[in-house]
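Participant: Sending over input.cif (mmCIF, C-alpha atoms).
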data_target
#
loop_
_atom_site.group_PDB
_atom_site.id
_atom_site.type_symbol
_atom_site.label_atom_id
_atom_site.label_comp_id
_atom_site.auth_asym_id
_atom_site.auth_seq_id
_atom_site.Cartn_x
_atom_site.Cartn_y
_atom_site.Cartn_z
ATOM 1 C CA MET A 658 83.966 41.660 16.128
ATOM 2 C CA GLU A 659 84.956 40.927 19.711
ATOM 3 C CA TYR A 660 81.809 40.901 21.858
ATOM 4 C CA LEU A 661 83.303 40.428 25.320
ATOM 5 C CA ARG A 662 85.751 43.314 25.520
ATOM 6 C CA PRO A 663 86.582 44.786 28.940
ATOM 7 C CA ARG A 664 84.147 47.422 30.159
ATOM 8 C CA PHE A 665 84.703 50.424 32.430
ATOM 9 C CA ILE A 666 82.512 50.189 35.522
ATOM 10 C CA ASN A 667 82.043 52.779 38.251
ATOM 11 C CA SER A 668 79.233 51.505 40.467
ATOM 12 C CA GLY A 669 78.580 49.179 43.373
ATOM 13 C CA GLY A 670 82.044 49.774 44.786
ATOM 14 C CA LEU A 671 83.709 48.854 41.490
ATOM 15 C CA HIS A 672 85.865 51.369 39.649
ATOM 16 C CA GLY A 673 87.957 50.451 36.650
ATOM 17 C CA GLU A 674 88.018 48.276 33.578
ATOM 18 C CA PHE A 675 86.636 44.794 34.088
ATOM 19 C CA THR A 676 86.192 41.785 31.848
ATOM 20 C CA ILE A 677 83.851 38.876 32.505
ATOM 21 C CA ASP A 678 86.580 36.709 34.046
ATOM 22 C CA ASP A 679 87.075 39.267 36.835
ATOM 23 C CA TYR A 680 83.900 38.060 38.523
ATOM 24 C CA GLY A 681 83.297 34.823 40.406
ATOM 25 C CA ILE A 682 80.251 33.028 41.736
ATOM 26 C CA PHE A 683 79.660 30.862 44.808
ATOM 27 C CA LEU A 684 83.041 31.783 46.254
ATOM 28 C CA GLY A 685 81.798 31.249 49.810
ATOM 29 C CA ILE A 686 79.877 27.965 49.546
ATOM 30 C CA ASP A 687 82.097 24.878 49.491
ATOM 31 C CA GLU A 688 79.243 22.590 48.452
ATOM 32 C CA LEU A 689 78.996 24.550 45.184
ATOM 33 C CA ASN A 690 82.703 24.637 44.310
ATOM 34 C CA HIS A 691 81.964 22.454 41.271
ATOM 35 C CA VAL A 692 79.486 25.065 40.015
ATOM 36 C CA ARG A 693 82.115 27.784 40.444
ATOM 37 C CA ASP A 694 84.568 25.649 38.447
ATOM 38 C CA PHE A 695 82.066 25.130 35.634
ATOM 39 C CA TRP A 696 81.382 28.874 35.609
ATOM 40 C CA GLU A 697 85.066 29.615 35.165
ATOM 41 C CA ALA A 698 85.259 26.989 32.417
ATOM 42 C CA THR A 699 82.250 28.558 30.690
ATOM 43 C CA VAL A 700 83.784 32.027 30.878
ATOM 44 C CA ALA A 701 87.110 30.718 29.572
ATOM 45 C CA GLN A 702 85.426 28.936 26.660
ATOM 46 C CA CYS A 703 83.427 32.025 25.714
ATOM 47 C CA LEU A 704 86.462 34.315 25.830
ATOM 48 C CA ILE A 705 88.527 31.883 23.749
ATOM 49 C CA LEU A 706 85.769 31.580 21.150
ATOM 50 C CA ASP A 707 85.215 35.338 21.011
ATOM 51 C CA HIS A 708 88.898 36.287 20.834
ATOM 52 C CA ALA A 709 89.946 33.538 18.425
ATOM 53 C CA HIS A 710 87.190 34.424 15.969
ATOM 54 C CA ASP A 711 88.060 38.120 16.158
ATOM 55 C CA GLN A 712 91.710 37.261 15.496
ATOM 56 C CA GLU A 713 90.758 35.272 12.405
ATOM 57 C CA ILE A 714 88.831 38.255 11.067
ATOM 58 C CA SER A 715 91.804 40.525 11.800
ATOM 59 C CA LYS A 716 94.088 38.281 9.759
ATOM 60 C CA ILE A 717 92.154 38.937 6.584
ATOM 61 C CA THR A 718 91.560 42.643 7.181
ATOM 62 C CA VAL A 719 94.527 43.905 5.206
ATOM 63 C CA SER A 720 95.295 47.537 4.411
ATOM 64 C CA ASN A 721 97.238 46.600 1.259
ATOM 65 C CA PRO A 722 95.285 44.062 -0.823
ATOM 66 C CA PRO A 723 97.422 41.409 -2.528
ATOM 67 C CA ALA A 724 98.243 41.935 -6.207
ATOM 68 C CA ASP A 725 97.474 38.295 -7.000
ATOM 69 C CA PRO A 726 93.784 38.175 -8.121
ATOM 70 C CA GLU A 727 93.457 34.528 -7.102
ATOM 71 C CA LEU A 728 94.729 35.251 -3.589
ATOM 72 C CA MET A 729 92.407 38.246 -3.375
ATOM 73 C CA THR A 730 89.473 36.024 -4.307
ATOM 74 C CA LEU A 731 90.403 33.514 -1.607
ATOM 75 C CA LEU A 732 90.634 36.311 0.969
ATOM 76 C CA GLU A 733 87.231 37.644 -0.033
ATOM 77 C CA GLU A 734 85.724 34.171 0.243
ATOM 78 C CA ARG A 735 87.283 33.694 3.684
ATOM 79 C CA LYS A 736 86.035 37.115 4.770
ATOM 80 C CA ASN A 737 82.529 36.215 3.644
ATOM 81 C CA ILE A 738 82.578 32.921 5.563
ATOM 82 C CA LEU A 739 83.783 34.597 8.749
ATOM 83 C CA SER A 740 81.210 37.369 8.421
ATOM 84 C CA ILE A 741 78.478 34.716 8.250
ATOM 85 C CA SER A 742 79.923 33.087 11.361
ATOM 86 C CA ASP A 743 80.119 36.460 13.096
ATOM 87 C CA LYS A 744 76.596 37.475 12.136
ATOM 88 C CA PHE A 745 74.804 34.228 12.912
ATOM 89 C CA LEU A 746 76.858 31.863 15.077
ATOM 90 C CA ILE A 747 79.367 33.513 17.436
ATOM 91 C CA LYS A 748 76.827 35.462 19.495
ATOM 92 C CA THR A 749 74.507 32.468 19.427
ATOM 93 C CA ASN A 750 77.133 30.064 20.727
ATOM 94 C CA ILE A 751 78.281 32.390 23.502
ATOM 95 C CA PHE A 752 74.699 33.198 24.490
ATOM 96 C CA SER A 753 73.784 29.513 24.488
ATOM 97 C CA LEU A 754 76.687 28.670 26.801
ATOM 98 C CA VAL A 755 75.846 31.319 29.401
ATOM 99 C CA SER A 756 72.121 30.560 29.185
ATOM 100 C CA ALA A 757 72.705 26.824 29.624
ATOM 101 C CA PHE A 758 75.062 27.476 32.521
ATOM 102 C CA PHE A 759 72.328 29.407 34.331
ATOM 103 C CA GLU A 760 70.059 26.364 34.212
ATOM 104 C CA TYR A 761 72.884 24.114 35.388
ATOM 105 C CA GLY A 762 73.807 26.431 38.259
ATOM 106 C CA MET A 763 70.249 26.866 39.496
ATOM 107 C CA LEU A 764 69.642 23.124 39.298
ATOM 108 C CA GLU A 765 72.689 22.546 41.500
ATOM 109 C CA VAL A 766 71.361 25.111 43.988
ATOM 110 C CA TYR A 767 68.022 23.292 43.969
ATOM 111 C CA LYS A 768 69.728 19.943 44.649
ATOM 112 C CA LEU A 769 71.712 21.414 47.527
ATOM 113 C CA VAL A 770 68.629 22.972 49.125
ATOM 114 C CA PHE A 771 66.150 20.145 48.583
ATOM 115 C CA GLY A 772 68.530 17.186 48.706
ATOM 116 C CA GLY A 773 67.947 16.005 45.142
ATOM 117 C CA SER A 774 66.675 16.844 41.664
ATOM 118 C CA PRO A 775 63.087 17.903 40.892
ATOM 119 C CA THR A 776 60.697 14.991 40.530
ATOM 120 C CA ALA A 777 59.526 16.048 37.053
ATOM 121 C CA VAL A 778 60.886 13.861 34.258
ATOM 122 C CA ARG A 779 61.876 16.943 32.245
ATOM 123 C CA PRO A 780 62.057 19.768 34.798
ATOM 124 C CA ASP A 781 60.955 23.191 33.620
ATOM 125 C CA LEU A 782 63.428 25.888 34.676
ATOM 126 C CA VAL A 783 60.847 28.326 36.003
ATOM 127 C CA ARG A 784 58.090 26.032 37.273
ATOM 128 C CA ASP A 785 60.159 23.206 38.744
ATOM 129 C CA ILE A 786 63.407 24.915 39.797
ATOM 130 C CA LEU A 787 63.123 28.690 40.218
ATOM 131 C CA GLU A 788 59.620 28.857 41.701
ATOM 132 C CA PRO A 789 60.300 26.363 44.542
ATOM 133 C CA LEU A 790 63.517 28.251 45.338
ATOM 134 C CA LYS A 791 61.612 31.557 45.322
ATOM 135 C CA GLU A 792 59.001 30.158 47.694
ATOM 136 C CA ILE A 793 61.647 29.582 50.374
ATOM 137 C CA GLY A 794 63.472 32.840 49.674
ATOM 138 C CA VAL A 795 66.633 31.440 48.087
ATOM 139 C CA VAL A 796 65.940 33.037 44.692
ATOM 140 C CA GLY A 797 64.582 36.535 44.091
ATOM 141 C CA GLU A 798 63.424 38.389 40.996
ATOM 142 C CA ALA A 799 65.713 38.421 37.982
ATOM 143 C CA PRO A 800 68.010 41.477 37.691
ATOM 144 C CA ASP A 801 67.018 43.890 34.937
ATOM 145 C CA ASN A 802 70.014 43.137 32.710
ATOM 146 C CA TYR A 803 69.395 39.382 33.036
ATOM 147 C CA ASP A 804 65.758 39.953 32.101
ATOM 148 C CA ALA A 805 66.663 42.159 29.140
ATOM 149 C CA HIS A 806 69.658 40.282 27.743
ATOM 150 C CA VAL A 807 68.972 36.636 28.618
ATOM 151 C CA LEU A 808 65.380 35.808 29.533
ATOM 152 C CA ALA A 809 63.844 37.978 26.817
ATOM 153 C CA HIS A 810 65.862 36.184 24.121
ATOM 154 C CA ARG A 811 66.345 32.689 25.541
ATOM 155 C CA ASN A 812 63.536 30.878 23.740
ATOM 156 C CA PRO A 813 63.805 32.611 20.311
ATOM 157 C CA ILE A 814 67.567 31.981 20.130
ATOM 158 C CA ARG A 815 67.378 28.436 21.476
ATOM 159 C CA ASN A 816 64.542 27.458 19.130
ATOM 160 C CA ALA A 817 66.106 29.006 16.026
ATOM 161 C CA PHE A 818 69.485 27.412 16.778
ATOM 162 C CA ALA A 819 68.258 23.954 17.771
ATOM 163 C CA HIS A 820 65.620 23.613 15.069
ATOM 164 C CA GLY A 821 67.613 24.730 12.061
ATOM 165 C CA ARG A 822 66.165 28.206 11.561
ATOM 166 C CA TRP A 823 69.652 29.665 11.447
ATOM 167 C CA GLY A 824 68.578 32.476 9.141
ATOM 168 C CA ASP A 825 66.622 33.886 12.096
ATOM 169 C CA LEU A 826 69.630 34.029 14.424
ATOM 170 C CA ASP A 827 70.859 37.473 13.386
ATOM 171 C CA ASP A 828 67.482 38.988 14.204
ATOM 172 C CA ALA A 829 67.125 36.898 17.388
ATOM 173 C CA THR A 830 70.492 38.039 18.777
ATOM 174 C CA LYS A 831 70.685 41.640 17.529
ATOM 175 C CA ASP A 832 69.381 43.195 20.775
ATOM 176 C CA VAL A 833 71.525 40.974 23.032
ATOM 177 C CA ASP A 834 74.517 42.622 24.680
ATOM 178 C CA LEU A 835 76.650 39.636 25.647
ATOM 179 C CA HIS A 836 78.613 41.534 28.287
ATOM 180 C CA ASP A 837 75.319 42.530 29.932
ATOM 181 C CA ALA A 838 74.109 38.947 29.645
ATOM 182 C CA PHE A 839 77.125 37.847 31.682
ATOM 183 C CA LEU A 840 76.758 40.693 34.191
ATOM 184 C CA GLY A 841 73.077 39.863 34.616
ATOM 185 C CA THR A 842 73.879 36.204 35.189
ATOM 186 C CA ILE A 843 76.581 37.114 37.714
ATOM 187 C CA ALA A 844 74.204 39.485 39.530
ATOM 188 C CA TYR A 845 71.501 36.794 39.667
ATOM 189 C CA PHE A 846 73.889 34.241 41.172
ATOM 190 C CA SER A 847 75.421 36.806 43.537
ATOM 191 C CA GLU A 848 72.031 37.580 45.076
ATOM 192 C CA THR A 849 71.191 33.874 45.151
ATOM 193 C CA GLU A 850 74.439 33.156 46.998
ATOM 194 C CA ASP A 851 73.619 35.760 49.663
ATOM 195 C CA ARG A 852 70.115 34.357 50.093
ATOM 196 C CA LEU A 853 71.388 30.776 50.118
ATOM 197 C CA LEU A 854 73.963 31.522 52.817
ATOM 198 C CA ARG A 855 71.219 32.983 55.022
ATOM 199 C CA HIS A 856 68.971 30.004 54.332
ATOM 200 C CA LEU A 857 71.693 27.487 55.185
ATOM 201 C CA ALA A 858 72.588 29.372 58.378
ATOM 202 C CA GLU A 859 68.963 29.417 59.483
ATOM 203 C CA ASN A 860 68.375 25.750 58.742
ATOM 204 C CA ASN A 861 71.541 24.190 60.159
#
In structure tokens, what does this structure look like?
Facilitator:
Amino acid sequence: MEYLRPRFINSGGLHGEFTIDDYGIFLGIDELNHVRDFWEATVAQCLILDHAHDQEISKITVSNPPADPELMTLLEERKNILSISDKFLIKTNIFSLVSAFFEYGMLEVYKLVFGGSPTAVRPDLVRDILEPLKEIGVVGEAPDNYDAHVLAHRNPIRNAFAHGRWGDLDDATKDVDLHDAFLGTIAYFSETEDRLLRHLAENN
């Protein structure tokens, strides 16, 4: 199935059908143009992956099955393979990209604010990046949809994917709405951008 379909939105001054590439981040901070570019690349990659996989499934969803039994067997095998990919890997890959981007983006914000990377050898996202940014008011609390669709699932999905427990991925991703995961990430960065602009204005 296609997970990142356009969604009708009527809130916050938005009215109409929007897809995830209708939103930008860090549009007003030149020092973070590279982060904006990586965001657009991440969105593009996720949409390509989502759409291309859905198209492959559509190719084998035929209303008139072929008369050739051998061809029918091949189609059933292909359908089974793609259903495994759909059930275990597509959501995981898209989720992993947007989750990893969040860490990248916040690290770049940290480097802009503090003039360099955290001193920890292996910085922890919350302890070494988000908490120092919260202390100076650049980062606030996570939006509800980021909490529900990214933070709540980040470790289970990452651990199952990275450590070979792929059989757990369907269960780990079943409550994730990928569109909401993107909207939550966008909302988090949008608030951070507003706070960062105020911080830079006050400290320059």
Participant: Of the candidates A:Thr849, A:Glu697, A:Leu826, A:Ile666, which one gets nearest to A:Tyr767 if we count all atoms listed in the file?
Facilitator: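 Closest residue, counting all atoms listed in the file: A:Thr849.
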Participant: What is the distance between atom CA of A:Gly762 and atom CA of A:Val692, in Å to one decimal?
Facilitator: 6.1 Å
Participant: Could you tell me how far atom CA of A:His806 lies from atom CA of A:Leu790, in Å and to one decimal?
Facilitator: 22.2 Å
Participant: Once you add 3 Å to each side, what are the centre and edge lengths of the axis-aligned box holding all listed atoms of stretch 697-708 of chain A? One decimal in Å, as AutoDock Vina command-line options, if you can.
Facilitator:
--center_x 85.6 --center_y 31.6 --center_z 28.0 --size_x 12.6 --size_y 15.3 --size_z 20.3
Participant: Record the distance separating atom CA of A:Glu859 and atom CA of A:Val796, expressed in Å with one decimal.
Facilitator: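 Atom-to-atom, atom CA of A:Glu859 and atom CA of A:Val796 are spaced 15.5 Å apart.
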Participant: Which of these, A:Asp785, A:Ile843, A:Gly772, A:Lys791, has the shortest distance to A:Val807 once you count all atoms listed in the file?
Facilitator: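 Checking each of A:Asp785, A:Ile843, A:Gly772, A:Lys791 against A:Val807, counting all atoms listed in the file, the winner is A:Ile843.
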Participant: Which one of A:Ala844, A:Ile714, A:Ala724, A:Val755 sits closest to A:Asn802 if you count only C-alpha atoms?
Facilitator: A:Ala844
Participant: Run the PyMOL selection byres ((chain A and resi 817) around 12) mentally over the shown coordinates, then write out the matched residues as a VMD selection string, using the chain letters and numbers from the document.
Facilitator: chain A and resid 745 to 746 749 753 810 to 816 818 to 830
Participant: Which residues are near A:Ala698? Cut-off 12 Å, only C-alpha atoms, ignore same chain within fewer than 5 positions. Put them as a compact mmCIF listing (two decimals) with C-alpha atoms, keeping the file's coordinate frame.
Facilitator:
# COMPACT_ATOMS: atom_id res chain seq x y z
CA ILE A 677 83.85 38.88 32.51
CA ASP A 678 86.58 36.71 34.05
CA GLY A 681 83.30 34.82 40.41
CA HIS A 691 81.96 22.45 41.27
CA VAL A 692 79.49 25.06 40.02
CA ARG A 693 82.12 27.78 40.44
CA CYS A 703 83.43 32.02 25.71
CA LEU A 704 86.46 34.32 25.83
CA ILE A 705 88.53 31.88 23.75
CA LEU A 754 76.69 28.67 26.80
CA VAL A 755 75.85 31.32 29.40
CA PHE A 758 75.06 27.48 32.52
Participant: Translate the PyMOL selection byres ((chain A and resi 797) around 10), as applied to the file shown, into an explicit residue set as a PyMOL selection string.
Facilitator: chain A and resi 787-788+790-796+798-800+845+848-849+852
Participant: Using all atoms listed in the file, which residue out of A:Ala805, A:Ala701, A:Leu706, A:Ala838 lies closest to A:Asn750?
Facilitator: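 Ranked by minimum distance to A:Asn750, first place goes to A:Leu706.
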Participant: My list of candidates is A:Asp851, A:Asp725, A:Leu782, A:Gln702. Which is closest to A:Phe759 when distances are computed with all atoms listed in the file?
Facilitator: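 Once distances to A:Phe759 are computed over all atoms listed in the file, the minimum belongs to A:Leu782.
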Participant: Give me the result of the PyMOL selection byres ((chain A and resi 733-740) around 10) on this file, residue by residue, as an MDAnalysis selection string.
Facilitator: chainID A and resid 658 710:711 713:718 727:732 741:747
Participant: For A:Asn690, which of A:Asp837, A:Asp707, A:Asp781, A:Glu765 is the closest residue, counting all atoms listed in the file?
Facilitator: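 Counting all atoms listed in the file, the residue closest to A:Asn690 is A:Glu765.
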